[in-house]
Amino acid sequence: MQATPRASFVQLPAEMLDLILQYLRSTQFLGIRGVSRRWRQAVDDSLERRHHLHLTGDDVRHANDERLERLLRRMPSLRRLTTDHDCCSPRPPLSVDVVSRLLGHMVEVDLLHFDAAPQPLEGLWTRCPRLGAVTLPRRCAEQCAAVLLRRLPSLRRLDVAWSDVLGECLSLLPESLEALSVAWCRHVQPAWLRQLTRCPRLRRLDVSGVKGLQAADLAAVLAGCPQLERLTTWELEPALELCLPPTGLPSLRYLDVTWSGGVTDATLQRLPDLLPGLHTLHTGVCGGVTAVGLDSLPRLRQLCELDLSRLTVTDFTLDRLHGPGLRMLNLSGCRPCSTDGVTRLVLGCPSLTVLGWWVRPNIRRTRPLVDSLVRHLPPNRDVILEVNGGDLQDLQDLQDLLRPGPLSLREYKSWGLFSGLVPGGLHEQGSWRRRRLQRCMLKYRCRAAAVGQQEASSAASS
């Protein structure tokens, strides 16, 4: 019997090689070029046609100016440069000169991991007049942002999160602006945010962590931006209902008020009237929210994504959430909801596909839920249960039994961190939120361990 001849990579058509290269990180291309002449030609052809370069966390960690310049020289058609925000910047930071010297036709650039020196940044704004979306480096000065806004009058998306801007540059914002993030700009003066009324087309806004933000300032901004669709405001202190226009914001679809003291039961009771079109709501760790406020959520008829992490959620509240619209629900750290209540919820929401269930590493709470869902879910359902890494390892014996089936498991990742206000990422993708959440979870675990030790000691003494 004649053996079938084996094909090598050299014999594959160029289209197949291009598909293989799409599964590799951008910085890996430089190493593959040295394999053979065939691969070198395939890599060069692929890079020459690419309009978008995304640097992953691994790319950023191993990046330097020399490697980046070698890569960019082979990408004459590049228009968009984006990076992962969920990683540490290289040391030293990348040089802006490498981008401005080689890519004068860019329309989007993410400089989060680049040097914040004023002179190179001013050169970039001059050499790239077509830029429409910009992410400034950390600790970028007010002067750089002001020069940017003067040189780019048609800017559509701007991210100055974690920068040192004071807010005066906001008076230069163009009317064409559609998305802005000033998250965690500790030096910005909240009164300057009123300049956002110059941007009637603004659709996405992130003012998380702005110190001293007053209800009157935010109310003026929201009243002047009637087309706003997405609002993120972590750690909001004023009452949210006082910040919204009396007539509401019918266009708002996404609201993230995580860790906000200004969100209470009264807020949730008014949301259906003020935000009738809301489909995504994140209220995790809002200490002023109780079951009284949560009972108003069924009145949000278009709600499809809900984050109730670390709130007091009872089975009665879960029963009221039953309906055809809910697709994603986060119950991480919620007590005292029971396994039966969560199972009834999943069965009562036929469109639910993702359920967040991060709990303090305790397989005794997670395994009963998995067993209950496996028993009751119909075969035509497709539900993903997100659990913490420790529980996922303990449930490894069930992984093979669940495939194929209506339930699958994956590791939990904090909601809202990777959505990004701007494609390529405003700072909602930043590692600062992951580190903050990790610190909070560590405190939560320490308190829980201390309470457990006190209960054990009291039981032993009694």
# chains A, B, ... in the order shown; residues from 1 in each chain; ligands from 1
>>> residues_around(residues="A:Arg70", least_positions_apart="6", cutoff="10 Å", atoms="only C-alpha atoms", output="VMD selection string")
chain A and resid 27 30 98
>>> write_last_selection(atoms="C-alpha atoms", output="PDB file, in the first residue's frame")
ATOM      1  CA  THR A  27       6.015  40.329  18.458  1.00  0.00           C
ATOM      2  CA  LEU A  30      10.047  38.758  14.188  1.00  0.00           C
ATOM      3  CA  VAL A  98       9.196  55.356  17.272  1.00  0.00           C
TER       4      VAL A  98
END
>>> closest_residue(among="A:Pro137, A:Pro153, A:Gly325, A:Gly167", to="A:Thr280", atoms="only C-alpha atoms")
A:Gly325
>>> residues_around(residues="stretch 333-339 of chain A", least_positions_apart="3", cutoff="12 Å", atoms="only C-alpha atoms", output="compact mmCIF listing (two decimals) with N, CA and C atoms, in the first residue's frame")
# COMPACT_ATOMS: atom_id res chain seq x y z
N GLY A 284 -22.21 46.62 42.08
CA GLY A 284 -21.45 45.83 43.03
C GLY A 284 -20.87 46.66 44.16
N VAL A 285 -20.90 46.12 45.38
CA VAL A 285 -20.29 46.71 46.55
C VAL A 285 -20.84 48.11 46.86
N THR A 290 -30.10 47.65 49.55
CA THR A 290 -30.66 46.51 50.27
C THR A 290 -31.74 45.86 49.39
N ALA A 291 -32.41 44.89 49.97
CA ALA A 291 -33.46 44.18 49.23
C ALA A 291 -34.59 45.11 48.82
N ASP A 307 -25.02 43.27 37.67
CA ASP A 307 -23.94 42.93 38.60
C ASP A 307 -24.39 43.29 40.01
N LEU A 308 -24.61 42.27 40.84
CA LEU A 308 -25.02 42.44 42.23
C LEU A 308 -23.95 41.93 43.19
N SER A 309 -22.70 41.93 42.78
CA SER A 309 -21.64 41.32 43.57
C SER A 309 -21.53 41.98 44.94
N ARG A 310 -21.41 41.10 45.98
CA ARG A 310 -21.20 41.49 47.37
C ARG A 310 -22.34 42.34 47.92
N LEU A 311 -23.56 42.08 47.44
CA LEU A 311 -24.75 42.70 48.01
C LEU A 311 -25.54 41.63 48.76
N THR A 312 -26.46 42.08 49.60
CA THR A 312 -27.35 41.16 50.31
C THR A 312 -28.52 40.82 49.39
N VAL A 313 -28.50 39.62 48.83
CA VAL A 313 -29.50 39.20 47.86
C VAL A 313 -30.20 37.96 48.41
N THR A 314 -31.50 38.05 48.61
CA THR A 314 -32.27 36.94 49.14
C THR A 314 -32.91 36.14 48.00
N ASP A 315 -33.41 34.98 48.33
CA ASP A 315 -34.11 34.17 47.33
C ASP A 315 -35.35 34.88 46.82
N PHE A 316 -36.01 35.66 47.68
CA PHE A 316 -37.19 36.41 47.24
C PHE A 316 -36.82 37.41 46.14
N THR A 317 -35.66 38.08 46.30
CA THR A 317 -35.20 39.02 45.27
C THR A 317 -34.90 38.29 43.97
N LEU A 318 -34.25 37.13 44.05
CA LEU A 318 -33.95 36.36 42.85
C LEU A 318 -35.22 35.91 42.15
N ASP A 319 -36.22 35.53 42.90
CA ASP A 319 -37.48 35.09 42.29
C ASP A 319 -38.13 36.23 41.51
N LEU A 329 -25.69 37.64 34.77
CA LEU A 329 -25.94 38.00 36.17
C LEU A 329 -24.74 37.65 37.01
N ASN A 330 -24.30 38.59 37.84
CA ASN A 330 -23.15 38.38 38.72
C ASN A 330 -23.63 38.36 40.17
N VAL A 342 -30.90 30.14 43.46
CA VAL A 342 -30.12 30.41 42.25
C VAL A 342 -30.56 29.47 41.12
N THR A 343 -30.83 28.22 41.44
CA THR A 343 -31.28 27.28 40.42
C THR A 343 -32.62 27.70 39.84
N ARG A 344 -33.54 28.13 40.68
CA ARG A 344 -34.82 28.62 40.18
C ARG A 344 -34.64 29.83 39.28
N LEU A 345 -33.68 30.69 39.64
CA LEU A 345 -33.42 31.87 38.82
C LEU A 345 -32.94 31.48 37.43
N VAL A 346 -31.98 30.55 37.37
CA VAL A 346 -31.44 30.14 36.08
C VAL A 346 -32.53 29.52 35.22
N GLY A 356 -22.10 34.72 37.24
CA GLY A 356 -20.90 34.89 38.06
C GLY A 356 -21.13 34.39 39.47
N TRP A 357 -20.21 33.53 39.96
CA TRP A 357 -20.39 32.90 41.27
C TRP A 357 -19.04 32.84 41.98
N TRP A 358 -18.40 34.01 42.17
CA TRP A 358 -17.14 34.06 42.92
C TRP A 358 -17.48 34.09 44.40
N VAL A 359 -17.04 33.09 45.12
CA VAL A 359 -17.21 33.08 46.56
C VAL A 359 -15.86 32.79 47.19
N ARG A 360 -15.76 33.12 48.48
CA ARG A 360 -14.51 32.81 49.20
C ARG A 360 -14.22 31.33 49.07
N PRO A 361 -12.99 30.96 48.64
CA PRO A 361 -12.71 29.56 48.32
C PRO A 361 -13.39 28.59 49.27
N ASN A 362 -14.51 28.09 48.84
CA ASN A 362 -15.31 27.20 49.66
C ASN A 362 -16.11 26.31 48.74
N ARG A 364 -17.82 23.92 49.33
CA ARG A 364 -19.10 23.48 49.88
C ARG A 364 -20.26 24.32 49.39
N ARG A 365 -20.01 25.53 48.90
CA ARG A 365 -21.07 26.35 48.34
C ARG A 365 -21.16 26.19 46.83
N THR A 366 -20.05 25.90 46.19
CA THR A 366 -20.03 25.85 44.72
C THR A 366 -20.48 24.50 44.19
N ARG A 367 -20.00 23.41 44.77
CA ARG A 367 -20.34 22.09 44.24
C ARG A 367 -21.85 21.80 44.30
N PRO A 368 -22.55 22.11 45.41
CA PRO A 368 -24.00 21.88 45.38
C PRO A 368 -24.72 22.64 44.28
N LEU A 369 -24.24 23.87 43.98
CA LEU A 369 -24.87 24.63 42.90
C LEU A 369 -24.62 23.96 41.55
N VAL A 370 -23.39 23.49 41.34
CA VAL A 370 -23.09 22.80 40.08
C VAL A 370 -23.95 21.55 39.94
N ASP A 371 -24.03 20.76 41.00
CA ASP A 371 -24.84 19.53 40.95
C ASP A 371 -26.31 19.86 40.67
N SER A 372 -26.83 20.90 41.30
CA SER A 372 -28.23 21.25 41.10
C SER A 372 -28.50 21.72 39.67
N LEU A 373 -27.61 22.52 39.12
CA LEU A 373 -27.79 23.00 37.74
C LEU A 373 -27.69 21.85 36.76
N VAL A 387 -16.58 30.62 38.26
CA VAL A 387 -16.20 30.36 39.65
C VAL A 387 -14.75 30.78 39.84
N ASN A 388 -14.33 30.89 41.13
CA ASN A 388 -12.95 31.28 41.38
C ASN A 388 -11.99 30.14 41.03
N TYR A 412 -13.56 32.90 37.00
CA TYR A 412 -14.24 34.19 37.13
C TYR A 412 -13.26 35.34 36.91
N SER A 414 -13.44 39.69 37.07
CA SER A 414 -14.29 40.76 37.57
C SER A 414 -14.98 41.47 36.42
N MET A 441 -10.63 42.12 48.02
CA MET A 441 -10.95 40.73 48.28
C MET A 441 -10.04 40.14 49.36
N TYR A 444 -11.43 41.23 52.55
CA TYR A 444 -12.65 40.47 52.80
C TYR A 444 -12.31 39.08 53.33
N ARG A 445 -11.31 38.44 52.75
CA ARG A 445 -10.91 37.10 53.21
C ARG A 445 -10.34 37.17 54.63
N ALA A 448 -13.16 37.55 57.03
CA ALA A 448 -13.90 36.30 57.15
C ALA A 448 -13.12 35.28 57.97
>>> select_by_dssp(residues="stretch 140-281 of chain A", states="strand (DSSP E or B)", output="VMD selection string")
chain A and resid 157 to 159 179 to 181 204 to 206 230 to 232 254 to 256 264 280 to 281
>>> write_last_selection(atoms="N, CA, C and O atoms", output="short mmCIF file (atom, residue, chain, number, x, y, z; two decimals), in the first residue's frame")
data_model
loop_
_atom_site.label_atom_id
_atom_site.label_comp_id
_atom_site.auth_asym_id
_atom_site.auth_seq_id
_atom_site.Cartn_x
_atom_site.Cartn_y
_atom_site.Cartn_z
N ARG A 157 -12.37 60.31 20.29
CA ARG A 157 -12.26 59.55 21.53
C ARG A 157 -10.95 59.93 22.23
O ARG A 157 -9.89 59.94 21.62
N LEU A 158 -11.05 60.19 23.54
CA LEU A 158 -9.89 60.63 24.31
C LEU A 158 -9.91 59.97 25.67
O LEU A 158 -10.94 59.97 26.37
N ASP A 159 -8.76 59.41 26.07
CA ASP A 159 -8.59 58.78 27.38
C ASP A 159 -7.41 59.43 28.07
O ASP A 159 -6.27 59.29 27.63
N ALA A 179 -16.34 60.05 23.09
CA ALA A 179 -16.01 59.25 24.27
C ALA A 179 -14.87 59.92 25.02
O ALA A 179 -13.90 60.39 24.42
N LEU A 180 -14.99 59.97 26.36
CA LEU A 180 -13.97 60.61 27.19
C LEU A 180 -13.85 59.86 28.50
O LEU A 180 -14.86 59.46 29.10
N SER A 181 -12.61 59.69 28.96
CA SER A 181 -12.34 59.13 30.28
C SER A 181 -11.38 60.05 31.02
O SER A 181 -10.30 60.35 30.54
N ARG A 204 -20.04 58.29 25.54
CA ARG A 204 -19.43 57.46 26.58
C ARG A 204 -18.58 58.33 27.49
O ARG A 204 -17.76 59.12 27.02
N LEU A 205 -18.77 58.16 28.80
CA LEU A 205 -18.08 59.01 29.77
C LEU A 205 -17.70 58.18 30.98
O LEU A 205 -18.50 57.40 31.50
N ASP A 206 -16.45 58.36 31.45
CA ASP A 206 -15.94 57.70 32.66
C ASP A 206 -15.35 58.77 33.57
O ASP A 206 -14.35 59.41 33.22
N ARG A 230 -23.38 55.60 27.73
CA ARG A 230 -22.60 54.79 28.67
C ARG A 230 -21.96 55.70 29.71
O ARG A 230 -21.24 56.64 29.37
N LEU A 231 -22.23 55.42 31.00
CA LEU A 231 -21.69 56.22 32.09
C LEU A 231 -21.06 55.31 33.12
O LEU A 231 -21.69 54.39 33.63
N THR A 232 -19.79 55.59 33.44
CA THR A 232 -19.05 54.84 34.46
C THR A 232 -18.59 55.83 35.52
O THR A 232 -17.90 56.80 35.21
N TYR A 254 -25.87 51.89 29.52
CA TYR A 254 -24.89 51.22 30.39
C TYR A 254 -24.58 52.13 31.56
O TYR A 254 -24.24 53.31 31.38
N LEU A 255 -24.69 51.58 32.78
CA LEU A 255 -24.39 52.36 33.99
C LEU A 255 -23.58 51.49 34.95
O LEU A 255 -24.02 50.41 35.35
N ASP A 256 -22.38 51.98 35.32
CA ASP A 256 -21.50 51.27 36.26
C ASP A 256 -21.23 52.21 37.43
O ASP A 256 -20.52 53.20 37.28
N THR A 264 -28.22 54.22 46.58
CA THR A 264 -28.99 53.68 47.69
C THR A 264 -30.28 53.06 47.15
O THR A 264 -30.51 53.00 45.94
N THR A 280 -27.70 47.53 30.97
CA THR A 280 -26.57 47.02 31.74
C THR A 280 -26.43 47.87 33.01
O THR A 280 -26.31 49.09 32.93
N LEU A 281 -26.42 47.19 34.16
CA LEU A 281 -26.32 47.89 35.44
C LEU A 281 -25.34 47.16 36.34
O LEU A 281 -25.52 45.98 36.63
#
>>> decode(residues="stretch 264-391 of chain A", atoms="C-alpha atoms", output="short mmCIF file (atom, residue, chain, number, x, y, z; two decimals), in the first residue's frame")
data_model
loop_
_atom_site.label_atom_id
_atom_site.label_comp_id
_atom_site.auth_asym_id
_atom_site.auth_seq_id
_atom_site.Cartn_x
_atom_site.Cartn_y
_atom_site.Cartn_z
CA THR A 264 -28.99 53.68 47.69
CA ASP A 265 -32.42 52.08 47.68
CA ALA A 266 -33.92 55.44 46.73
CA THR A 267 -31.64 55.51 43.68
CA LEU A 268 -32.74 52.10 42.43
CA GLN A 269 -36.39 52.96 43.01
CA ARG A 270 -36.09 55.96 40.68
CA LEU A 271 -33.94 54.35 37.98
CA PRO A 272 -36.85 52.82 35.99
CA ASP A 273 -38.34 56.32 35.57
CA LEU A 274 -35.07 58.16 34.90
CA LEU A 275 -33.29 55.51 32.79
CA PRO A 276 -36.01 53.51 31.02
CA GLY A 277 -33.66 52.22 28.30
CA LEU A 278 -30.99 50.81 30.66
CA HIS A 279 -29.79 47.33 29.67
CA THR A 280 -26.57 47.02 31.74
CA LEU A 281 -26.32 47.89 35.44
CA HIS A 282 -23.32 47.34 37.73
CA THR A 283 -24.06 48.05 41.41
CA GLY A 284 -21.45 45.83 43.03
CA VAL A 285 -20.29 46.71 46.55
CA CYS A 286 -22.76 49.60 46.96
CA GLY A 287 -23.27 49.53 50.72
CA GLY A 288 -26.48 51.57 50.63
CA VAL A 289 -28.38 49.01 48.54
CA THR A 290 -30.66 46.51 50.27
CA ALA A 291 -33.46 44.18 49.23
CA VAL A 292 -35.87 47.14 49.24
CA GLY A 293 -34.04 48.78 46.35
CA LEU A 294 -33.37 45.53 44.50
CA ASP A 295 -37.10 44.86 44.35
CA SER A 296 -37.36 47.77 41.87
CA LEU A 297 -35.06 46.13 39.30
CA PRO A 298 -37.83 44.12 37.54
CA ARG A 299 -39.26 47.47 36.41
CA LEU A 300 -36.21 47.91 34.14
CA ARG A 301 -37.80 46.10 31.23
CA GLN A 302 -34.74 46.12 28.95
CA LEU A 303 -32.22 44.98 31.58
CA CYS A 304 -30.06 42.15 30.25
CA GLU A 305 -26.82 42.41 32.29
CA LEU A 306 -26.79 42.88 36.07
CA ASP A 307 -23.94 42.93 38.60
CA LEU A 308 -25.02 42.44 42.23
CA SER A 309 -21.64 41.32 43.57
CA ARG A 310 -21.20 41.49 47.37
CA LEU A 311 -24.75 42.70 48.01
CA THR A 312 -27.35 41.16 50.31
CA VAL A 313 -29.50 39.20 47.86
CA THR A 314 -32.27 36.94 49.14
CA ASP A 315 -34.11 34.17 47.33
CA PHE A 316 -37.19 36.41 47.24
CA THR A 317 -35.20 39.02 45.27
CA LEU A 318 -33.95 36.36 42.85
CA ASP A 319 -37.48 35.09 42.29
CA ARG A 320 -38.55 38.60 41.25
CA LEU A 321 -35.78 38.73 38.61
CA HIS A 322 -37.28 35.86 36.63
CA GLY A 323 -37.98 36.86 33.04
CA PRO A 324 -36.94 36.41 29.42
CA GLY A 325 -34.58 39.39 29.14
CA LEU A 326 -31.74 38.74 31.63
CA ARG A 327 -28.67 37.26 29.92
CA MET A 328 -25.79 37.91 32.36
CA LEU A 329 -25.94 38.00 36.17
CA ASN A 330 -23.15 38.38 38.72
CA LEU A 331 -23.90 37.01 42.21
CA SER A 332 -20.29 36.84 43.39
CA GLY A 333 -19.97 37.18 47.15
CA CYS A 334 -23.74 37.49 47.59
CA ARG A 335 -25.41 36.19 50.72
CA PRO A 336 -27.78 34.73 51.85
CA CYS A 337 -29.13 33.43 48.52
CA SER A 338 -29.39 29.62 48.48
CA THR A 339 -28.62 26.96 45.92
CA ASP A 340 -32.33 26.37 45.30
CA GLY A 341 -32.94 30.08 44.78
CA VAL A 342 -30.12 30.41 42.25
CA THR A 343 -31.28 27.28 40.42
CA ARG A 344 -34.82 28.62 40.18
CA LEU A 345 -33.42 31.87 38.82
CA VAL A 346 -31.44 30.14 36.08
CA LEU A 347 -34.47 28.09 35.08
CA GLY A 348 -36.74 31.15 35.23
CA CYS A 349 -34.46 33.19 32.92
CA PRO A 350 -34.36 31.23 29.64
CA SER A 351 -31.94 33.71 28.06
CA LEU A 352 -29.39 33.61 30.90
CA THR A 353 -26.03 32.44 29.54
CA VAL A 354 -23.44 33.71 32.09
CA LEU A 355 -23.68 33.46 35.88
CA GLY A 356 -20.90 34.89 38.06
CA TRP A 357 -20.39 32.90 41.27
CA TRP A 358 -17.14 34.06 42.92
CA VAL A 359 -17.21 33.08 46.56
CA ARG A 360 -14.51 32.81 49.20
CA PRO A 361 -12.71 29.56 48.32
CA ASN A 362 -15.31 27.20 49.66
CA ILE A 363 -16.21 24.24 47.52
CA ARG A 364 -19.10 23.48 49.88
CA ARG A 365 -21.07 26.35 48.34
CA THR A 366 -20.03 25.85 44.72
CA ARG A 367 -20.34 22.09 44.24
CA PRO A 368 -24.00 21.88 45.38
CA LEU A 369 -24.87 24.63 42.90
CA VAL A 370 -23.09 22.80 40.08
CA ASP A 371 -24.84 19.53 40.95
CA SER A 372 -28.23 21.25 41.10
CA LEU A 373 -27.79 23.00 37.74
CA VAL A 374 -26.64 19.77 36.09
CA ARG A 375 -29.75 17.97 37.34
CA HIS A 376 -32.30 20.61 36.40
CA LEU A 377 -31.01 22.36 33.25
CA PRO A 378 -32.68 21.14 30.04
CA PRO A 379 -30.38 19.86 27.27
CA ASN A 380 -31.08 22.85 25.01
CA ARG A 381 -29.64 25.39 27.48
CA ASP A 382 -26.09 26.73 27.33
CA VAL A 383 -25.07 28.28 30.67
CA ILE A 384 -21.55 29.32 31.74
CA LEU A 385 -20.87 29.34 35.48
CA GLU A 386 -17.92 31.54 36.46
CA VAL A 387 -16.20 30.36 39.65
CA ASN A 388 -12.95 31.28 41.38
CA GLY A 389 -9.74 29.52 40.43
CA GLY A 390 -9.59 27.40 43.58
CA ASP A 391 -13.07 25.98 43.06
#
